[in-house]
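Okay, coords_0.cif now, which holds mmCIF, C-alpha atoms:
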```
data_structure
loop_
_atom_site.label_atom_id
_atom_site.label_comp_id
_atom_site.auth_asym_id
_atom_site.auth_seq_id
_atom_site.Cartn_x
_atom_site.Cartn_y
_atom_site.Cartn_z
CA MET A 1 -23.44 -15.22 75.82
CA LEU A 2 -19.81 -16.19 75.13
CA LYS A 3 -17.11 -14.76 77.28
CA PRO A 4 -14.84 -12.24 75.53
CA ARG A 5 -11.77 -14.51 75.73
CA ARG A 6 -13.66 -17.50 74.30
CA CYS A 7 -15.13 -15.39 71.47
CA PHE A 8 -11.66 -14.14 70.63
CA ARG A 9 -10.32 -17.66 70.27
CA THR A 10 -13.31 -18.87 68.24
CA CYS A 11 -13.42 -15.88 65.92
CA LEU A 12 -9.68 -15.89 65.26
CA VAL A 13 -8.68 -19.56 65.19
CA LEU A 14 -11.44 -20.89 62.93
CA PRO A 15 -10.75 -18.49 60.01
CA ILE A 16 -7.03 -19.25 60.23
CA LEU A 17 -7.69 -22.99 60.12
CA SER A 18 -10.02 -22.51 57.14
CA LEU A 19 -7.35 -20.53 55.30
CA VAL A 20 -4.76 -23.23 55.94
CA VAL A 21 -7.10 -25.91 54.58
CA VAL A 22 -7.75 -23.86 51.42
CA LEU A 23 -4.03 -23.31 50.83
CA VAL A 24 -3.25 -27.01 51.28
CA LEU A 25 -6.00 -28.07 48.87
CA THR A 26 -4.91 -25.44 46.31
CA TYR A 27 -1.32 -26.70 46.42
CA GLN A 28 -2.46 -30.31 46.04
CA ILE A 29 -4.59 -29.44 43.00
CA TYR A 30 -1.70 -27.48 41.44
CA ASP A 31 0.73 -30.31 42.12
CA TRP A 32 -1.71 -32.83 40.63
CA ASN A 33 -2.10 -30.74 37.46
CA ARG A 34 1.66 -30.36 37.22
CA GLU A 35 2.16 -34.12 37.44
CA ILE A 36 -0.40 -34.63 34.69
CA GLU A 37 1.45 -32.17 32.41
CA TRP A 38 4.81 -33.78 33.16
CA SER A 39 3.40 -37.18 32.29
CA GLY A 40 2.43 -35.99 28.80
CA TRP A 41 -1.12 -34.80 29.41
CA GLU A 42 -2.22 -31.22 28.84
CA ARG A 43 -5.21 -29.37 30.10
CA SER A 44 -7.81 -28.66 27.44
CA THR A 45 -7.38 -25.29 25.74
CA THR A 46 -8.89 -23.67 22.66
CA PRO A 47 -6.03 -22.74 20.29
CA PHE A 48 -6.22 -19.54 18.26
CA THR A 49 -6.97 -20.25 14.60
CA HIS A 50 -5.51 -17.94 11.99
CA ARG A 51 -7.78 -16.93 9.12
CA LEU A 52 -6.54 -16.19 5.62
CA CYS A 53 -8.25 -13.86 3.17
CA VAL A 54 -7.37 -14.58 -0.47
CA LEU A 55 -7.63 -11.26 -2.32
CA VAL A 56 -8.21 -11.63 -6.07
CA PRO A 57 -8.15 -8.42 -8.17
CA PHE A 58 -10.54 -9.07 -11.02
CA ARG A 59 -12.10 -7.79 -14.20
CA ASP A 60 -13.53 -9.85 -17.07
CA ARG A 61 -11.70 -13.09 -16.24
CA GLU A 62 -14.59 -15.49 -15.74
CA ALA A 63 -12.86 -18.47 -17.38
CA GLU A 64 -9.81 -18.08 -15.14
CA LEU A 65 -11.99 -17.64 -12.06
CA ASP A 66 -13.86 -20.86 -12.85
CA GLU A 67 -10.57 -22.72 -12.56
CA PHE A 68 -9.07 -20.69 -9.74
CA VAL A 69 -11.74 -21.01 -7.04
CA PRO A 70 -12.03 -24.83 -6.93
CA HIS A 71 -8.27 -25.22 -7.28
CA ILE A 72 -7.22 -22.85 -4.49
CA LYS A 73 -9.95 -24.11 -2.16
CA LYS A 74 -8.69 -27.66 -2.54
CA PHE A 75 -5.07 -26.54 -2.18
CA LEU A 76 -5.77 -24.67 1.06
CA ARG A 77 -7.93 -27.47 2.42
CA VAL A 78 -4.97 -29.87 2.18
CA GLN A 79 -2.93 -27.42 4.27
CA ASN A 80 -5.82 -27.15 6.76
CA ILE A 81 -6.09 -23.39 6.37
CA GLU A 82 -9.24 -21.52 7.31
CA ASN A 83 -9.81 -19.12 4.45
CA GLU A 84 -12.14 -16.80 2.62
CA ILE A 85 -11.80 -15.91 -1.07
CA ILE A 86 -12.67 -12.30 -1.87
CA VAL A 87 -12.97 -11.47 -5.57
CA LEU A 88 -12.50 -7.71 -6.03
CA ASN A 89 -14.40 -7.01 -9.22
CA GLN A 90 -13.69 -3.55 -10.63
CA THR A 91 -16.95 -2.31 -12.15
CA ASP A 92 -16.22 1.38 -12.80
CA SER A 93 -15.17 2.80 -16.18
CA PHE A 94 -11.56 3.57 -15.22
CA ARG A 95 -8.55 1.54 -16.25
CA PHE A 96 -7.76 -1.48 -14.12
CA ASN A 97 -6.09 -0.70 -10.80
CA ARG A 98 -4.84 -3.89 -9.17
CA ALA A 99 -3.21 -2.14 -6.22
CA SER A 100 -6.29 -0.15 -5.23
CA LEU A 101 -8.42 -3.28 -5.41
CA ILE A 102 -6.02 -5.02 -3.03
CA ASN A 103 -6.33 -2.06 -0.65
CA VAL A 104 -10.11 -2.46 -0.79
CA GLY A 105 -9.58 -6.13 -0.02
CA TRP A 106 -7.70 -5.21 3.17
CA PHE A 107 -10.72 -3.29 4.47
CA GLU A 108 -12.98 -6.24 3.71
CA SER A 109 -10.50 -8.62 5.36
CA ASP A 110 -10.50 -6.47 8.46
CA ARG A 111 -14.30 -6.40 8.48
CA ILE A 112 -14.65 -10.20 8.45
CA GLY A 113 -11.77 -10.92 10.81
CA CYS A 114 -8.89 -12.24 8.69
CA ASP A 115 -5.54 -11.75 10.42
CA TYR A 116 -3.47 -12.39 7.29
CA LEU A 117 -3.97 -12.02 3.57
CA VAL A 118 -2.54 -13.14 0.28
CA MET A 119 -2.68 -11.04 -2.88
CA HIS A 120 -3.33 -13.60 -5.59
CA ASP A 121 -3.44 -13.31 -9.38
CA VAL A 122 -6.46 -15.19 -10.69
CA ASP A 123 -4.46 -16.79 -13.51
CA LEU A 124 -1.69 -18.28 -11.34
CA LEU A 125 -2.45 -21.69 -9.81
CA PRO A 126 -0.04 -23.23 -7.26
CA MET A 127 0.86 -26.80 -8.21
CA ASN A 128 3.61 -27.72 -5.76
CA PRO A 129 2.11 -28.79 -2.38
CA ASN A 130 5.18 -27.43 -0.58
CA LEU A 131 4.21 -23.85 -1.38
CA ASP A 132 3.38 -22.55 2.08
CA TYR A 133 0.13 -20.66 2.68
CA THR A 134 0.23 -20.87 6.49
CA PHE A 135 0.45 -17.81 8.75
CA PRO A 136 3.71 -15.98 7.91
CA GLY A 137 4.18 -14.27 11.26
CA GLU A 138 4.60 -10.57 11.97
CA GLY A 139 7.42 -8.80 10.17
CA ASN A 140 7.48 -11.17 7.18
CA ALA A 141 6.32 -10.75 3.59
CA ARG A 142 6.15 -14.15 1.93
CA HIS A 143 6.52 -13.94 -1.84
CA ILE A 144 5.11 -17.31 -2.86
CA ALA A 145 5.48 -16.67 -6.60
CA ALA A 146 9.22 -16.12 -6.26
CA PRO A 147 11.28 -15.10 -9.32
CA GLU A 148 12.97 -18.50 -9.26
CA TYR A 149 9.63 -20.23 -9.86
CA HIS A 150 7.30 -17.69 -11.50
CA PRO A 151 6.53 -18.81 -15.08
CA LYS A 152 7.14 -15.37 -16.57
CA TYR A 153 9.00 -12.88 -14.36
CA ASN A 154 12.35 -13.54 -12.73
CA TYR A 155 14.01 -10.24 -11.78
CA GLU A 156 15.18 -9.90 -8.18
CA LYS A 157 12.85 -7.07 -7.11
CA PHE A 158 9.75 -8.76 -8.51
CA VAL A 159 7.09 -9.27 -5.82
CA GLY A 160 4.04 -9.86 -8.00
CA GLY A 161 1.77 -12.81 -8.58
CA ILE A 162 1.25 -14.13 -5.05
CA VAL A 163 2.35 -12.21 -1.95
CA MET A 164 1.34 -12.94 1.65
CA LEU A 165 1.66 -10.93 4.85
CA THR A 166 -0.26 -10.20 8.01
CA ALA A 167 -3.08 -7.68 7.92
CA ARG A 168 -1.22 -5.67 10.55
CA ASP A 169 1.96 -5.47 8.46
CA PHE A 170 -0.01 -4.48 5.36
CA LYS A 171 -1.49 -1.59 7.32
CA LYS A 172 1.92 -0.73 8.78
CA ILE A 173 3.39 -0.04 5.31
CA ASP A 174 0.18 1.73 4.21
CA GLY A 175 -0.75 -0.95 1.72
CA MET A 176 -0.15 -0.29 -1.97
CA SER A 177 0.01 2.91 -4.00
CA ASN A 178 -3.23 3.92 -5.73
CA LYS A 179 -1.64 5.73 -8.67
CA TYR A 180 -0.99 2.71 -10.90
CA TRP A 181 -3.85 2.66 -13.38
CA GLY A 182 -3.36 -0.02 -16.00
CA TRP A 183 -1.08 -3.02 -15.52
CA GLY A 184 2.48 -2.61 -14.39
CA LEU A 185 4.90 -1.14 -11.84
CA GLU A 186 2.67 -1.37 -8.76
CA ASP A 187 4.67 -4.43 -7.67
CA ASP A 188 7.97 -2.55 -7.92
CA GLU A 189 6.57 0.18 -5.69
CA PHE A 190 5.36 -2.44 -3.22
CA PHE A 191 8.83 -3.98 -3.09
CA LEU A 192 10.17 -0.63 -1.89
CA ARG A 193 7.44 -0.42 0.76
CA ILE A 194 8.37 -3.85 2.03
CA ARG A 195 12.01 -2.76 2.21
CA ASP A 196 11.29 0.60 3.83
CA GLY A 197 8.96 -1.07 6.34
CA ARG A 198 11.82 -3.40 7.28
CA LEU A 199 9.80 -6.51 6.57
CA ARG A 200 11.72 -9.68 5.86
CA LEU A 201 11.12 -10.89 2.30
CA ASP A 202 10.66 -14.65 2.46
CA ARG A 203 10.67 -16.78 -0.69
CA PRO A 204 10.42 -20.53 -1.28
CA SER A 205 13.60 -22.34 -2.22
CA GLY A 206 14.80 -25.87 -2.79
CA LEU A 207 11.58 -27.01 -4.47
CA THR A 208 11.69 -30.07 -6.71
CA THR A 209 9.67 -28.20 -9.35
CA ASP A 210 10.82 -25.45 -11.71
CA ARG A 211 9.41 -22.39 -13.47
CA LYS A 212 7.32 -24.58 -15.75
CA THR A 213 5.82 -26.86 -13.12
CA THR A 214 5.61 -24.94 -9.81
CA PHE A 215 2.61 -22.94 -11.05
CA ARG A 216 0.13 -23.26 -13.86
CA HIS A 217 -0.39 -20.04 -15.75
CA VAL A 218 -3.89 -20.01 -17.23
CA HIS A 219 -3.82 -16.53 -18.75
CA GLY A 220 -4.81 -17.15 -22.36
CA PRO A 221 -3.35 -15.18 -25.29
CA ASN A 222 -6.79 -13.78 -26.11
CA ARG A 223 -6.98 -12.14 -22.68
CA LYS A 224 -5.42 -8.73 -23.17
CA ARG A 225 -4.26 -6.87 -20.09
CA ASP A 226 -5.27 -3.26 -19.57
CA GLN A 227 -2.01 -1.71 -20.63
CA THR A 228 -0.62 0.47 -23.39
CA ARG A 229 2.49 0.11 -25.48
CA LYS A 230 5.42 2.23 -24.35
CA SER A 231 5.19 4.23 -27.55
CA GLU A 232 1.62 5.23 -26.68
CA ARG A 233 2.25 6.27 -23.09
CA THR A 234 2.50 9.96 -22.38
CA ALA A 235 5.65 11.37 -20.85
CA ARG A 236 3.59 12.47 -17.86
CA GLU A 237 2.28 8.96 -17.23
CA LEU A 238 5.74 7.43 -17.44
CA ALA A 239 7.25 10.06 -15.16
CA GLU A 240 4.44 9.77 -12.61
CA LYS A 241 4.59 5.99 -12.42
CA ARG A 242 8.36 6.06 -11.91
CA ARG A 243 8.11 8.55 -9.05
CA ARG A 244 7.95 7.17 -5.50
CA ASP A 245 4.58 7.49 -3.80
CA ILE A 246 5.34 8.13 -0.14
CA LEU A 247 2.00 9.76 0.72
CA GLY A 248 -0.65 7.58 -0.87
CA GLY A 249 -1.77 4.06 -0.14
CA LEU A 250 -4.24 2.23 2.04
CA SER A 251 -4.93 5.38 4.02
CA ASN A 252 -6.32 7.34 1.06
CA THR A 253 -8.01 4.64 -1.02
CA ARG A 254 -11.32 6.01 -2.32
CA TYR A 255 -14.04 3.64 -3.45
CA THR A 256 -17.62 2.49 -3.05
CA ILE A 257 -18.93 -1.06 -2.97
CA ALA A 258 -21.81 -1.35 -5.42
CA LEU A 259 -22.63 -4.94 -4.46
CA ARG A 260 -21.46 -7.58 -2.03
CA LYS A 261 -22.63 -11.10 -2.81
CA ARG A 262 -21.90 -14.75 -2.11
CA SER A 263 -21.32 -17.05 -5.05
CA GLU A 264 -20.28 -20.63 -5.77
CA ILE A 265 -18.22 -22.46 -8.36
CA LYS A 266 -18.42 -26.24 -8.22
CA SER A 267 -19.90 -26.02 -4.71
CA GLU A 268 -17.01 -23.87 -3.47
CA ALA A 269 -18.24 -20.63 -1.89
CA PHE A 270 -16.58 -17.24 -2.17
CA THR A 271 -17.40 -13.53 -1.90
CA VAL A 272 -17.60 -11.08 -4.78
CA LEU A 273 -17.34 -7.33 -4.24
CA ASP A 274 -18.36 -5.07 -7.11
CA VAL A 275 -16.03 -2.13 -6.55
CA ASN A 276 -16.23 1.36 -8.02
CA LEU A 277 -12.88 3.07 -7.60
CA GLN A 278 -12.49 6.85 -7.59
CA CYS A 279 -9.82 8.70 -9.56
CA ASP A 280 -8.57 12.27 -9.55
CA THR A 281 -8.59 12.69 -13.32
CA VAL A 282 -6.72 16.00 -13.12
CA LYS A 283 -3.81 14.47 -11.25
CA TYR A 284 -4.00 11.08 -12.98
CA PRO A 285 -5.58 11.61 -16.42
CA TYR A 286 -4.23 8.23 -17.52
CA CYS A 287 -6.80 6.49 -15.28
CA LEU A 288 -9.25 7.20 -18.09
CA PRO A 289 -9.37 4.69 -20.95
CA ASN A 290 -7.63 5.70 -24.19
CA GLN A 291 -5.69 8.47 -22.48
#
```

Rendering of file as structure tokens:
Amino acid sequence: MLKPRRCFRTCLVLPILSLVVVLVLTYQIYDWNREIEWSGWERSTTPFTHRLCVLVPFRDREAELDEFVPHIKKFLRVQNIENEIIVLNQTDSFRFNRASLINVGWFESDRIGCDYLVMHDVDLLPMNPNLDYTFPGEGNARHIAAPEYHPKYNYEKFVGGIVMLTARDFKKIDGMSNKYWGWGLEDDEFFLRIRDGRLRLDRPSGLTTDRKTTFRHVHGPNRKRDQTRKSERTARELAEKRRRDILGGLSNTRYTIALRKRSEIKSEAFTVLDVNLQCDTVKYPYCLPNQ
């Protein structure tokens, strides 16, 4: 049996020596790693990859879609952007509601893990490679189809065609208003949401292309949009569409998905959602056709 004094020395000194050795080795390993980093080497890490969801509101535009999918896939591949195209096909009997379809697209984007999204007209093809589809960062709304370059619309508050922002920012401003049945004015409302949400509106500038060459507009004259002439619109519809919608948006979008399917065009894969939107026909009678 060890004497008490000898046991005290053995039990105390050996752990202290072991701790000193561990500290010395830890410092040497840290110093070695630091020298490697200073010399231009970096330890292997797995960088976070952003994922873009391309949201395409859609109804009866097969010819445009046949051109759009291969074109945008190639365009995004050049920019090395991980992406998923989601075609939001409205299959109910109501008038077309682009904004509500985009809201539906946000829920699908969230489900499959996209951290940013771009609302993209199916008939607008980007032609200038300097149009930026990379992650815009929080607090920014990137209007890619800027008035300076859009082939048709050029007023300052226009934010239609192609708009990109993070999924988080889209949720922050409660998405888009659901009251815009038929084409028109949903973009103007969205501009106000961007402003009220204090997002920075970012637009391309200094491009070598112009309004005729920055994009290709493939919307044929025989493709009539779901809209009515001003003379045929009721006073109620006009008044309602001009009134700010501060209560509705992403949070009260009502819909069902009739079908979710994978499809391909020229070997380029994408997702199609057959969407049935819901409408309060008492509050919004103009969601019905011929009303």

Legend entry - Given the PyMOL selection byres ((chain A and resi 86) around 9), the residues it picks as JSON, numbers by chain: {"A": [53, 54, 55, 56, 57, 84, 85, 87, 88, 105, 108, 109, 270, 271, 272, 273]}

Inset, instruction - May I have the protein, DNA and RNA residues with an atom at most 12 Å from (9.7, -28.1, -12.5), counting all atoms listed in the file in the file's coordinates, returned as an MDAnalysis selection string? - result: chainID A and resid 127:128 148:151 206:216

Inset, instruction - Identify the residues around (-1.5, 0.8, 1.5) within a radius of 7 Å, measuring from all atoms listed in the file in the coordinates stated by the file, and give them as a ChimeraX atom specification. - result: /A:103,170-171,173-177,249-251

Check which residues satisfy the PyMOL selection byres ((chain A and resi 92) around 12) in the file shown, then give them as a CSV table (one decimal) with C-alpha atoms, keeping the file's coordinate frame.
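Result file expr_29.csv:
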```
chain,number,residue,atom,x,y,z
A,59,ARG,CA,-12.1,-7.8,-14.2
A,88,LEU,CA,-12.5,-7.7,-6.0
A,89,ASN,CA,-14.4,-7.0,-9.2
A,90,GLN,CA,-13.7,-3.6,-10.6
A,91,THR,CA,-17.0,-2.3,-12.2
A,93,SER,CA,-15.2,2.8,-16.2
A,94,PHE,CA,-11.6,3.6,-15.2
A,95,ARG,CA,-8.6,1.5,-16.2
A,96,PHE,CA,-7.8,-1.5,-14.1
A,97,ASN,CA,-6.1,-0.7,-10.8
A,101,LEU,CA,-8.4,-3.3,-5.4
A,255,TYR,CA,-14.0,3.6,-3.4
A,256,THR,CA,-17.6,2.5,-3.0
A,257,ILE,CA,-18.9,-1.1,-3.0
A,258,ALA,CA,-21.8,-1.4,-5.4
A,274,ASP,CA,-18.4,-5.1,-7.1
A,275,VAL,CA,-16.0,-2.1,-6.6
A,276,ASN,CA,-16.2,1.4,-8.0
A,277,LEU,CA,-12.9,3.1,-7.6
A,278,GLN,CA,-12.5,6.8,-7.6
A,279,CYS,CA,-9.8,8.7,-9.6
A,287,CYS,CA,-6.8,6.5,-15.3
A,288,LEU,CA,-9.2,7.2,-18.1
A,289,PRO,CA,-9.4,4.7,-21.0
```

Inset, instruction - Could you jot down the atom CA of Phe75 of chain A to atom CA of Glu156 of chain A separation for me, Å, one decimal place? - result: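 That distance, rounded to one decimal, is 26.9 Å.
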
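Between Val78 of chain A and the candidates A:Thr134, A:Pro147, A:Met164, A:Ile265, the tightest atom-to-atom separation, counting only C-alpha atoms, involves A:Thr134.
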
Legend entry - Between atom CA of Arg203 of chain A and atom CA of Ile112 of chain A - distance in Å to one decimal: 27.7 Å

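Here the question is which of A:Ile16, A:Leu259, A:Ala167, A:Leu76 gets nearest to Asp132 of chain A using only C-alpha atoms, and that residue is A:Leu76.
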
Legend entry - Nearest to Leu52 of chain A, chosen from A:Ser205, A:Ser18, A:Thr166, A:Asn130, with all atoms listed in the file counted in the distances: A:Thr166

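Picture a line from atom CA of Leu199 of chain A to atom CA of Ala141 of chain A; it runs 6.2 Å.
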
On this structure, which residues satisfy the PyMOL selection byres ((chain A and resi 51) around 7), written as an mmCIF file with C-alpha atoms, in the frame of the given file?
```cif
data_model
loop_
_atom_site.group_PDB
_atom_site.id
_atom_site.type_symbol
_atom_site.label_atom_id
_atom_site.label_comp_id
_atom_site.auth_asym_id
_atom_site.auth_seq_id
_atom_site.Cartn_x
_atom_site.Cartn_y
_atom_site.Cartn_z
ATOM 1 C CA THR A 49 -6.970 -20.250 14.600
ATOM 2 C CA HIS A 50 -5.510 -17.940 11.990
ATOM 3 C CA LEU A 52 -6.540 -16.190 5.620
ATOM 4 C CA CYS A 53 -8.250 -13.860 3.170
ATOM 5 C CA GLU A 82 -9.240 -21.520 7.310
ATOM 6 C CA ASN A 83 -9.810 -19.120 4.450
ATOM 7 C CA CYS A 114 -8.890 -12.240 8.690
ATOM 8 C CA ASP A 115 -5.540 -11.750 10.420
ATOM 9 C CA TYR A 116 -3.470 -12.390 7.290
#
```

Inset, instruction - Would you mind listing what lies within 8 Å of His217 of chain A as a PyMOL selection string, with only C-alpha atoms counted and same-chain residues fewer than 3 positions away left out? - result: chain A and resi 123-125+151

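Between Asp280 of chain A and the candidates A:Lys73, A:Lys172, A:Arg193, A:Arg254, the tightest atom-to-atom separation, counting only C-alpha atoms, involves A:Arg254.
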
Legend entry - Long-range neighbours of Arg61 of chain A as a PyMOL selection string, 9 Å cut-off, only C-alpha atoms, 2 positions minimum in chain: chain A and resi 58-59+63-66+122-123+219+223

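The nearest approach to Gly160 of chain A among the residues A:Phe191, A:Tyr180, A:Trp106, A:Tyr133, with only C-alpha atoms taken into account, belongs to A:Phe191.
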
Please return segment 90-109 of chain A, rebuilt to N, CA and C atoms, as a PDB file, in the coordinates of the input.
```
ATOM      1  N   GLN A  90     -13.642  -4.979 -10.313  1.00  0.00           N
ATOM      2  CA  GLN A  90     -13.690  -3.550 -10.630  1.00  0.00           C
ATOM      3  C   GLN A  90     -14.772  -3.297 -11.668  1.00  0.00           C
ATOM      4  N   THR A  91     -15.789  -2.514 -11.288  1.00  0.00           N
ATOM      5  CA  THR A  91     -16.950  -2.310 -12.150  1.00  0.00           C
ATOM      6  C   THR A  91     -17.097  -0.874 -12.647  1.00  0.00           C
ATOM      7  N   ASP A  92     -16.155   0.004 -12.305  1.00  0.00           N
ATOM      8  CA  ASP A  92     -16.220   1.380 -12.800  1.00  0.00           C
ATOM      9  C   ASP A  92     -15.680   1.436 -14.232  1.00  0.00           C
ATOM     10  N   SER A  93     -15.610   2.639 -14.790  1.00  0.00           N
ATOM     11  CA  SER A  93     -15.170   2.800 -16.180  1.00  0.00           C
ATOM     12  C   SER A  93     -13.692   3.170 -16.303  1.00  0.00           C
ATOM     13  N   PHE A  94     -12.981   3.232 -15.177  1.00  0.00           N
ATOM     14  CA  PHE A  94     -11.560   3.570 -15.220  1.00  0.00           C
ATOM     15  C   PHE A  94     -10.720   2.365 -15.631  1.00  0.00           C
ATOM     16  N   ARG A  95      -9.464   2.632 -15.947  1.00  0.00           N
ATOM     17  CA  ARG A  95      -8.550   1.540 -16.250  1.00  0.00           C
ATOM     18  C   ARG A  95      -8.345   0.681 -15.002  1.00  0.00           C
ATOM     19  N   PHE A  96      -7.913  -0.525 -15.220  1.00  0.00           N
ATOM     20  CA  PHE A  96      -7.760  -1.480 -14.120  1.00  0.00           C
ATOM     21  C   PHE A  96      -6.707  -0.995 -13.134  1.00  0.00           C
ATOM     22  N   ASN A  97      -7.029  -1.117 -11.838  1.00  0.00           N
ATOM     23  CA  ASN A  97      -6.090  -0.700 -10.800  1.00  0.00           C
ATOM     24  C   ASN A  97      -5.975  -1.833  -9.775  1.00  0.00           C
ATOM     25  N   ARG A  98      -5.031  -2.712 -10.018  1.00  0.00           N
ATOM     26  CA  ARG A  98      -4.840  -3.890  -9.170  1.00  0.00           C
ATOM     27  C   ARG A  98      -4.518  -3.506  -7.731  1.00  0.00           C
ATOM     28  N   ALA A  99      -3.643  -2.522  -7.558  1.00  0.00           N
ATOM     29  CA  ALA A  99      -3.210  -2.140  -6.220  1.00  0.00           C
ATOM     30  C   ALA A  99      -4.357  -1.579  -5.384  1.00  0.00           C
ATOM     31  N   SER A 100      -5.159  -0.709  -5.974  1.00  0.00           N
ATOM     32  CA  SER A 100      -6.290  -0.150  -5.230  1.00  0.00           C
ATOM     33  C   SER A 100      -7.292  -1.226  -4.848  1.00  0.00           C
ATOM     34  N   LEU A 101      -7.510  -2.181  -5.727  1.00  0.00           N
ATOM     35  CA  LEU A 101      -8.420  -3.280  -5.410  1.00  0.00           C
ATOM     36  C   LEU A 101      -7.904  -4.082  -4.220  1.00  0.00           C
ATOM     37  N   ILE A 102      -6.601  -4.299  -4.161  1.00  0.00           N
ATOM     38  CA  ILE A 102      -6.020  -5.020  -3.030  1.00  0.00           C
ATOM     39  C   ILE A 102      -6.205  -4.219  -1.739  1.00  0.00           C
ATOM     40  N   ASN A 103      -6.058  -2.896  -1.821  1.00  0.00           N
ATOM     41  CA  ASN A 103      -6.330  -2.060  -0.650  1.00  0.00           C
ATOM     42  C   ASN A 103      -7.778  -2.223  -0.185  1.00  0.00           C
ATOM     43  N   VAL A 104      -8.701  -2.227  -1.128  1.00  0.00           N
ATOM     44  CA  VAL A 104     -10.110  -2.460  -0.790  1.00  0.00           C
ATOM     45  C   VAL A 104     -10.263  -3.816  -0.107  1.00  0.00           C
ATOM     46  N   GLY A 105      -9.534  -4.796  -0.612  1.00  0.00           N
ATOM     47  CA  GLY A 105      -9.580  -6.130  -0.020  1.00  0.00           C
ATOM     48  C   GLY A 105      -9.119  -6.146   1.427  1.00  0.00           C
ATOM     49  N   TRP A 106      -8.143  -5.285   1.767  1.00  0.00           N
ATOM     50  CA  TRP A 106      -7.700  -5.210   3.170  1.00  0.00           C
ATOM     51  C   TRP A 106      -8.847  -4.774   4.071  1.00  0.00           C
ATOM     52  N   PHE A 107      -9.593  -3.767   3.656  1.00  0.00           N
ATOM     53  CA  PHE A 107     -10.720  -3.290   4.470  1.00  0.00           C
ATOM     54  C   PHE A 107     -11.766  -4.388   4.651  1.00  0.00           C
ATOM     55  N   GLU A 108     -12.024  -5.135   3.599  1.00  0.00           N
ATOM     56  CA  GLU A 108     -12.980  -6.240   3.710  1.00  0.00           C
ATOM     57  C   GLU A 108     -12.431  -7.337   4.607  1.00  0.00           C
ATOM     58  N   SER A 109     -11.135  -7.621   4.501  1.00  0.00           N
ATOM     59  CA  SER A 109     -10.500  -8.620   5.360  1.00  0.00           C
ATOM     60  C   SER A 109     -10.612  -8.233   6.824  1.00  0.00           C
TER      61      SER A 109
END
```
